[in-house]
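Peer 1: If you scroll down you'll find the structure; I have some questions about it.
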Amino acid sequence: MPNPSSFFLTTPIFYVNDAPHIGHAYTEVAADVLARWHRQAGDDTWFLTGTDEHGQKILRTATANGVHPQEWADRLVESAWKPLLDTINISNDDFIRTTEKRHEEGVAKFLQKLYDDGHVYAGEFEALYCVGCEEFKPKSEIVDGEGAFVGEKVCAIHSKPLELLQEKNYFFKMSAFQDRLLALYEERPDFVQPASARNEVIAFVQQGLEDLSISRTSFDWGIPIPWDDAHVTYVWFDALLNYVTAIGYGQDDAEFDRRWPASHLVGKDILRFHAVIWPAMLMAAGLEVPDHVFAHGWLLVGGEKMSKSKLTGIAPSEVTDTFGSDAFRYYFMRAISFGHDGSFSWEDLAARYQAELANGFGNLASRVLAMNAKYFEGRVPAAGTETAADAEIRELAASVAVRADEKIETFAIHEAIAAIWELVDALNGYITEQAPWALAKDPANDERLQTVLNTATEGLRVLAELLEPVVPQATAKLWSALGAEEALGALEGQPIREAGRWGRLPAGTQQHPLAVLFPRIETEEKGK
RNA sequence: GGCUGAGUAGCUCAGCUGGUUAGAGCGCACGACUCAUAAUCGUGAGGUCGCGGGAUCGAGUCCCGCCUCAGCUACCA
């Protein structure tokens, strides 16, 4: 029986040949925020990421570098991909590599089952082949010939005529699932999100599905087809299966039943593999389809899609070296509407860091804790009679916590943060209006002074809990400065869906000096 | 070519099923305050809502046409 509170979230696995850039990091951070939120809420959370290591491209680059592809992959995983996760502070529960035994065995079992159940047949794969590229060309790389080759189809890279070749392949009868897929999209409108992505998927499937070639014989860096080791498995078929092999498919039924099905976060470039091919594979194997497939947008740099080839690829460490991982996480989650394309610029990043993190949240924490230290020897003051202004803050905190949770539930991370930020702004306004420094001048106002600072302190407690998934380092500092660590226990253990419940941090709690959460960045502008 | 989406203040974006003077943040100008990371709070300036038509008492929000941009139109991941 599936666990009702189970939350299994995946990212695409990294193709090891790529160089890590902020686009990869963006997906990871989004997944991490969702995973941390659900984990803190007490849901049975499992967050999976990993690497995709098979395929002709990897074989080629490894060979070109004079090493075995396994060694090549090992090197990249250790030098590039695992460090990326540390750079942006990712809390994944597992990391799967497609060259691991658990994966290769799972893929073999899955293939065998599909074969035994009649979903796979041997056929002829016929396509245009480029001698220069040494591979079959997809339509996108085939163009009409010019000059001497007018009337012929030529390779977009080599501009030379292509040959029509045939290869014996095994095919997955994907076409048989067309109607069931369309029914799925119809019955579960939130299966593919956002709606624009869903529309594209439906349009694609409606125009008719062909069977999918799932094996290759021209090279051998892949998982052998169990009943015919002259073939290796097509990389995408291999890669998609990581989502089930990582949780014990064919090995550990209890674990598999506990985790599956998953929610998948993907870039919109690989939506079709996840929203069409993958559910068809699962249907064929008699497994449940995923809960959700959510496609996020591109990061645009200077108005164009960021790409490695155009040198607009930015390494995540370029951002974190200056601003820190919290700022990276906050910026991309807050500034970009999740599911849409979003513009990245150093100017915007620096501006938001300054205005929202340093001046907004960081300074708020700083001023409240400084006053507690100054007027109450660093102890949380007790609340007295509540005024309308205090009640407004208390009610806003409750409202914001509820709304943020609802937004997270629908993958609207930016809106969740926007809701939480209402409390940041309201607290800054509240403090300015209540002017505790003025109250402190007359001992007759002591009860009022205590009430105001109690309200502000409690507000910080709520913020620390709600923002932990987004800015874990800063909130950890705040949590310990609040004295909440001793009073309430670990921040990660605070039930996030109850964060808005007022009065949890006891009066009298001893607080500690606060390290500056978001130091001002002196450098005026980072290079382009 | 076909399909989908987008074009709203200097910048980044909200505006659901049409309804009083079109909103937010940043930036800018002015003012208040001093607890705080020279931070905070308030006020203000600034828009022919891509262009042209149309049905409506009334449209950024509906219909038609056009312009611009992006994505999809299957087996590189």
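Please note that chains go A, B, ... in the order of the structure tokens, that every chain numbers its residues from 1, and that ligands are numbered from 1 in the order shown.
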Would you kindly return, as a PyMOL selection string, each protein, DNA or RNA residue with an atom no farther than 12 Å from any atom of G2 in chain B, considering only C-alpha atoms (C1' of nucleotides) and excluding same-chain residues fewer than 2 positions away?
Peer 2: (chain A and resi 203+207) or (chain B and resi 4+72-73)
Peer 1: Hey, list the chain A side of the contact with chain B: 7 Å cut-off, only C-alpha atoms (C1' of nucleotides), answer as a VMD selection string.
Peer 2: chain A and resid 15 200 212 to 213 358 to 359 363 366 to 367 371 428 to 429 432 437 516 519 to 520
Peer 1: Mind checking DSSP for range 218-313 of chain A and telling me the strand (DSSP E) residues as a list in words?
Peer 2: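 DSSP-assigned strand (DSSP E) residues in range 218-313 of chain A: Pro224, Ile225, Asp228, Asp229, Ala230, His231, Val232, Thr233, Ser263, His264, Leu265, Val266, Gly267, His292, Val293, Phe294, Ala295, His296, Leu299, Leu300, Val301, Glu304 and Lys305 of chain A.
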Peer 1: Fewer than 5 positions away in the same chain doesn't count, so skip those; otherwise give me all residues within 10 Å of Pro472 in chain A, counting only C-alpha atoms (C1' of nucleotides), as a PyMOL selection string.
Peer 2: chain A and resi 33+36+89+325-326+329+464-465+467+477-478+491-492
Peer 1: With only C-alpha atoms (C1' of nucleotides) as the counted atoms, please give the residues lying no more than 10 Å from Leu271 in chain A, apart from itself and same-chain residues fewer than 4 positions off, as a list in words.
Peer 2: Val192, Gln193, Ala197, Arg198, Glu200, Val201, His264, Leu265, Val266, Gly267, Ala275, Val276, Ile277, Val293, Phe294, Ala295 and His296 of chain A
Peer 1: CA of Glu187 in chain A and CA of Arg403 in chain A, how far apart in Å?
Peer 2: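 CA of Arg403 in chain A sits 26.5 Å away from CA of Glu187 in chain A.
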Peer 1: Could you pull the residues within 10 Å of G60 in chain B, counting only C-alpha atoms (C1' of nucleotides), minus those fewer than 2 positions along the same chain, as an MDAnalysis selection string?
Peer 2: chainID B and resid 8 15 22 49
Peer 1: Using only C-alpha atoms (C1' of nucleotides), which residues sit within 9 Å of range 415-423 of chain A once same-chain residues fewer than 2 positions away are excluded, as a PDB file with N, CA, C and O atoms, in the first residue's frame?
Peer 2:
```pdb
ATOM      1  N   TYR A 330      17.675  31.577  -3.021  1.00  0.00           N
ATOM      2  CA  TYR A 330      16.605  32.561  -2.883  1.00  0.00           C
ATOM      3  C   TYR A 330      16.335  33.266  -4.211  1.00  0.00           C
ATOM      4  O   TYR A 330      15.184  33.383  -4.650  1.00  0.00           O
ATOM      5  N   MET A 333      14.633  31.132  -6.937  1.00  0.00           N
ATOM      6  CA  MET A 333      13.284  30.698  -6.552  1.00  0.00           C
ATOM      7  C   MET A 333      12.310  31.858  -6.465  1.00  0.00           C
ATOM      8  O   MET A 333      11.132  31.726  -6.732  1.00  0.00           O
ATOM      9  N   ARG A 334      12.824  33.030  -6.081  1.00  0.00           N
ATOM     10  CA  ARG A 334      11.948  34.173  -5.871  1.00  0.00           C
ATOM     11  C   ARG A 334      11.718  34.971  -7.156  1.00  0.00           C
ATOM     12  O   ARG A 334      10.608  35.419  -7.437  1.00  0.00           O
ATOM     13  N   SER A 337       9.199  32.997 -11.936  1.00  0.00           N
ATOM     14  CA  SER A 337       7.929  32.317 -11.787  1.00  0.00           C
ATOM     15  C   SER A 337       8.143  30.864 -12.213  1.00  0.00           C
ATOM     16  O   SER A 337       8.455  30.592 -13.364  1.00  0.00           O
ATOM     17  N   PHE A 338       8.003  29.939 -11.267  1.00  0.00           N
ATOM     18  CA  PHE A 338       8.371  28.554 -11.544  1.00  0.00           C
ATOM     19  C   PHE A 338       7.459  27.950 -12.619  1.00  0.00           C
ATOM     20  O   PHE A 338       6.249  27.899 -12.447  1.00  0.00           O
ATOM     21  N   GLU A 356      16.272  42.702  -0.627  1.00  0.00           N
ATOM     22  CA  GLU A 356      15.389  41.730   0.004  1.00  0.00           C
ATOM     23  C   GLU A 356      16.078  40.913   1.097  1.00  0.00           C
ATOM     24  O   GLU A 356      15.515  40.733   2.182  1.00  0.00           O
ATOM     25  N   GLY A 360      16.050  43.654   3.881  1.00  0.00           N
ATOM     26  CA  GLY A 360      14.729  43.196   4.287  1.00  0.00           C
ATOM     27  C   GLY A 360      14.785  42.206   5.435  1.00  0.00           C
ATOM     28  O   GLY A 360      14.443  42.533   6.564  1.00  0.00           O
ATOM     29  N   PHE A 361      15.237  41.017   5.144  1.00  0.00           N
ATOM     30  CA  PHE A 361      15.218  39.937   6.120  1.00  0.00           C
ATOM     31  C   PHE A 361      16.388  40.027   7.117  1.00  0.00           C
ATOM     32  O   PHE A 361      16.196  40.000   8.334  1.00  0.00           O
ATOM     33  N   ILE A 393      -0.195  41.250  13.069  1.00  0.00           N
ATOM     34  CA  ILE A 393       1.022  40.469  12.801  1.00  0.00           C
ATOM     35  C   ILE A 393       0.756  38.986  13.072  1.00  0.00           C
ATOM     36  O   ILE A 393       1.110  38.121  12.266  1.00  0.00           O
ATOM     37  N   LEU A 396      -1.395  37.628  10.355  1.00  0.00           N
ATOM     38  CA  LEU A 396      -0.677  37.547   9.082  1.00  0.00           C
ATOM     39  C   LEU A 396       0.254  36.340   9.080  1.00  0.00           C
ATOM     40  O   LEU A 396       0.359  35.621   8.088  1.00  0.00           O
ATOM     41  N   ALA A 397       0.920  36.106  10.189  1.00  0.00           N
ATOM     42  CA  ALA A 397       1.846  34.969  10.281  1.00  0.00           C
ATOM     43  C   ALA A 397       1.091  33.673  10.007  1.00  0.00           C
ATOM     44  O   ALA A 397       1.559  32.803   9.257  1.00  0.00           O
ATOM     45  N   SER A 399      -1.739  33.308   8.396  1.00  0.00           N
ATOM     46  CA  SER A 399      -2.228  33.307   7.024  1.00  0.00           C
ATOM     47  C   SER A 399      -1.127  32.977   6.026  1.00  0.00           C
ATOM     48  O   SER A 399      -1.293  32.187   5.100  1.00  0.00           O
ATOM     49  N   VAL A 400       0.015  33.591   6.259  1.00  0.00           N
ATOM     50  CA  VAL A 400       1.152  33.384   5.376  1.00  0.00           C
ATOM     51  C   VAL A 400       1.618  31.925   5.401  1.00  0.00           C
ATOM     52  O   VAL A 400       1.959  31.345   4.368  1.00  0.00           O
ATOM     53  N   ALA A 401       1.620  31.330   6.574  1.00  0.00           N
ATOM     54  CA  ALA A 401       2.068  29.940   6.694  1.00  0.00           C
ATOM     55  C   ALA A 401       1.135  29.006   5.922  1.00  0.00           C
ATOM     56  O   ALA A 401       1.581  28.104   5.221  1.00  0.00           O
ATOM     57  N   ARG A 403      -0.916  29.854   3.400  1.00  0.00           N
ATOM     58  CA  ARG A 403      -0.830  30.106   1.953  1.00  0.00           C
ATOM     59  C   ARG A 403       0.456  29.567   1.352  1.00  0.00           C
ATOM     60  O   ARG A 403       0.463  29.034   0.236  1.00  0.00           O
ATOM     61  N   ALA A 404       1.553  29.709   2.070  1.00  0.00           N
ATOM     62  CA  ALA A 404       2.828  29.206   1.543  1.00  0.00           C
ATOM     63  C   ALA A 404       2.747  27.696   1.331  1.00  0.00           C
ATOM     64  O   ALA A 404       3.190  27.169   0.321  1.00  0.00           O
ATOM     65  N   ASP A 405       2.152  27.003   2.289  1.00  0.00           N
ATOM     66  CA  ASP A 405       2.043  25.549   2.161  1.00  0.00           C
ATOM     67  C   ASP A 405       1.176  25.175   0.960  1.00  0.00           C
ATOM     68  O   ASP A 405       1.494  24.252   0.208  1.00  0.00           O
ATOM     69  N   GLU A 406       0.109  25.918   0.757  1.00  0.00           N
ATOM     70  CA  GLU A 406      -0.748  25.637  -0.397  1.00  0.00           C
ATOM     71  C   GLU A 406       0.001  25.855  -1.713  1.00  0.00           C
ATOM     72  O   GLU A 406      -0.154  25.098  -2.680  1.00  0.00           O
ATOM     73  N   LYS A 407       0.805  26.899  -1.753  1.00  0.00           N
ATOM     74  CA  LYS A 407       1.560  27.195  -2.971  1.00  0.00           C
ATOM     75  C   LYS A 407       2.610  26.128  -3.244  1.00  0.00           C
ATOM     76  O   LYS A 407       2.827  25.730  -4.388  1.00  0.00           O
ATOM     77  N   ILE A 408       3.275  25.674  -2.192  1.00  0.00           N
ATOM     78  CA  ILE A 408       4.283  24.628  -2.368  1.00  0.00           C
ATOM     79  C   ILE A 408       3.626  23.365  -2.914  1.00  0.00           C
ATOM     80  O   ILE A 408       4.165  22.668  -3.767  1.00  0.00           O
ATOM     81  N   PHE A 411       3.555  23.471  -6.551  1.00  0.00           N
ATOM     82  CA  PHE A 411       4.837  23.791  -7.196  1.00  0.00           C
ATOM     83  C   PHE A 411       5.037  25.284  -7.451  1.00  0.00           C
ATOM     84  O   PHE A 411       5.928  25.652  -8.200  1.00  0.00           O
ATOM     85  N   ALA A 412       4.199  26.137  -6.868  1.00  0.00           N
ATOM     86  CA  ALA A 412       4.343  27.587  -7.102  1.00  0.00           C
ATOM     87  C   ALA A 412       5.308  28.161  -6.065  1.00  0.00           C
ATOM     88  O   ALA A 412       4.925  28.918  -5.171  1.00  0.00           O
ATOM     89  N   ILE A 413       6.567  27.797  -6.217  1.00  0.00           N
ATOM     90  CA  ILE A 413       7.571  28.152  -5.206  1.00  0.00           C
ATOM     91  C   ILE A 413       7.710  29.666  -5.069  1.00  0.00           C
ATOM     92  O   ILE A 413       7.805  30.198  -3.963  1.00  0.00           O
ATOM     93  N   ASP A 425       8.064  42.114   5.362  1.00  0.00           N
ATOM     94  CA  ASP A 425       7.765  43.532   5.148  1.00  0.00           C
ATOM     95  C   ASP A 425       6.861  44.083   6.257  1.00  0.00           C
ATOM     96  O   ASP A 425       7.056  45.207   6.733  1.00  0.00           O
ATOM     97  N   ALA A 426       5.888  43.284   6.652  1.00  0.00           N
ATOM     98  CA  ALA A 426       4.962  43.750   7.684  1.00  0.00           C
ATOM     99  C   ALA A 426       5.684  43.948   9.018  1.00  0.00           C
ATOM    100  O   ALA A 426       5.399  44.892   9.756  1.00  0.00           O
ATOM    101  N   LEU A 427       6.631  43.084   9.325  1.00  0.00           N
ATOM    102  CA  LEU A 427       7.372  43.214  10.583  1.00  0.00           C
ATOM    103  C   LEU A 427       8.246  44.458  10.579  1.00  0.00           C
ATOM    104  O   LEU A 427       8.333  45.168  11.580  1.00  0.00           O
ATOM    105  N   ASN A 428       8.876  44.732   9.451  1.00  0.00           N
ATOM    106  CA  ASN A 428       9.676  45.956   9.381  1.00  0.00           C
ATOM    107  C   ASN A 428       8.789  47.185   9.586  1.00  0.00           C
ATOM    108  O   ASN A 428       9.167  48.125  10.281  1.00  0.00           O
ATOM    109  N   GLY A 459       7.646  36.704  15.386  1.00  0.00           N
ATOM    110  CA  GLY A 459       7.610  36.809  13.921  1.00  0.00           C
ATOM    111  C   GLY A 459       8.873  36.231  13.304  1.00  0.00           C
ATOM    112  O   GLY A 459       8.829  35.531  12.288  1.00  0.00           O
ATOM    113  N   LEU A 463       9.401  33.133  10.642  1.00  0.00           N
ATOM    114  CA  LEU A 463      10.177  33.279   9.404  1.00  0.00           C
ATOM    115  C   LEU A 463      11.291  32.248   9.304  1.00  0.00           C
ATOM    116  O   LEU A 463      11.529  31.678   8.243  1.00  0.00           O
ATOM    117  N   LEU A 466       9.698  28.971   8.252  1.00  0.00           N
ATOM    118  CA  LEU A 466       9.162  28.945   6.885  1.00  0.00           C
ATOM    119  C   LEU A 466      10.239  29.106   5.817  1.00  0.00           C
ATOM    120  O   LEU A 466      10.078  28.644   4.685  1.00  0.00           O
ATOM    121  N   LEU A 467      11.318  29.767   6.177  1.00  0.00           N
ATOM    122  CA  LEU A 467      12.351  30.015   5.159  1.00  0.00           C
ATOM    123  C   LEU A 467      13.472  28.990   5.180  1.00  0.00           C
ATOM    124  O   LEU A 467      14.354  29.019   4.320  1.00  0.00           O
ATOM    125  N   VAL A 470      14.359  27.347   1.925  1.00  0.00           N
ATOM    126  CA  VAL A 470      14.927  28.214   0.883  1.00  0.00           C
ATOM    127  C   VAL A 470      16.332  28.677   1.239  1.00  0.00           C
ATOM    128  O   VAL A 470      17.245  28.609   0.418  1.00  0.00           O
TER     129      VAL A 470
END
```
Peer 1: Would you compute the distance between CA of Ala507 in chain A and CA of Pro381 in chain A? Give it in Å to one decimal.
Peer 2: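 So the two atoms, CA of Ala507 in chain A and CA of Pro381 in chain A, lie 5.3 Å apart.
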Peer 1: One number please: CA of Met283 in chain A to CA of Tyr234 in chain A, in Å, one decimal.
Peer 2: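 According to the coordinates, CA of Met283 in chain A and CA of Tyr234 in chain A are separated by 18.8 Å.
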Peer 1: Give the alpha helix (DSSP H) residues of range 286-320 of chain A, as assigned by DSSP on the backbone, as an MDAnalysis selection string.
Peer 2: chainID A and resid 316:320
Peer 1: Go ahead and dump the residues you just picked, C-alpha atoms, as a short mmCIF file (atom, residue, chain, number, x, y, z; two decimals), in the first residue's frame.
Peer 2:
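This went into selection22.cif:
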```cif
data_model
loop_
_atom_site.label_atom_id
_atom_site.label_comp_id
_atom_site.auth_asym_id
_atom_site.auth_seq_id
_atom_site.Cartn_x
_atom_site.Cartn_y
_atom_site.Cartn_z
CA PRO A 316 26.99 28.05 -10.15
CA SER A 317 30.16 28.72 -8.19
CA GLU A 318 30.52 32.07 -9.93
CA VAL A 319 27.37 33.11 -8.13
CA THR A 320 27.93 31.38 -4.83
#
```
Peer 1: Which residue gives the smallest distance to Tyr331 in chain A among A:Trp278, A:Trp236, A:Trp346, A:Phe177, with only C-alpha atoms counted?
Peer 2: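 Looking at the shortest contact to Tyr331 in chain A, the residue is A:Trp346.
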Peer 1: Restricting the calculation to only C-alpha atoms (C1' of nucleotides), which member of B:C63, B:A45, B:A38, B:C69 is positioned closest to A9 in chain B?
Peer 2: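 Ranking B:C63, B:A45, B:A38, B:C69 by distance to A9 in chain B, first place goes to B:A45.
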Peer 1: Let me make sure I understand: among B:G1, B:A55, B:U68, B:A29, which one has the smallest atom-to-atom distance to U43 in chain B if we use only C-alpha atoms (C1' of nucleotides)?
Peer 2: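 Using only C-alpha atoms (C1' of nucleotides), U43 in chain B sits closest to B:A29.
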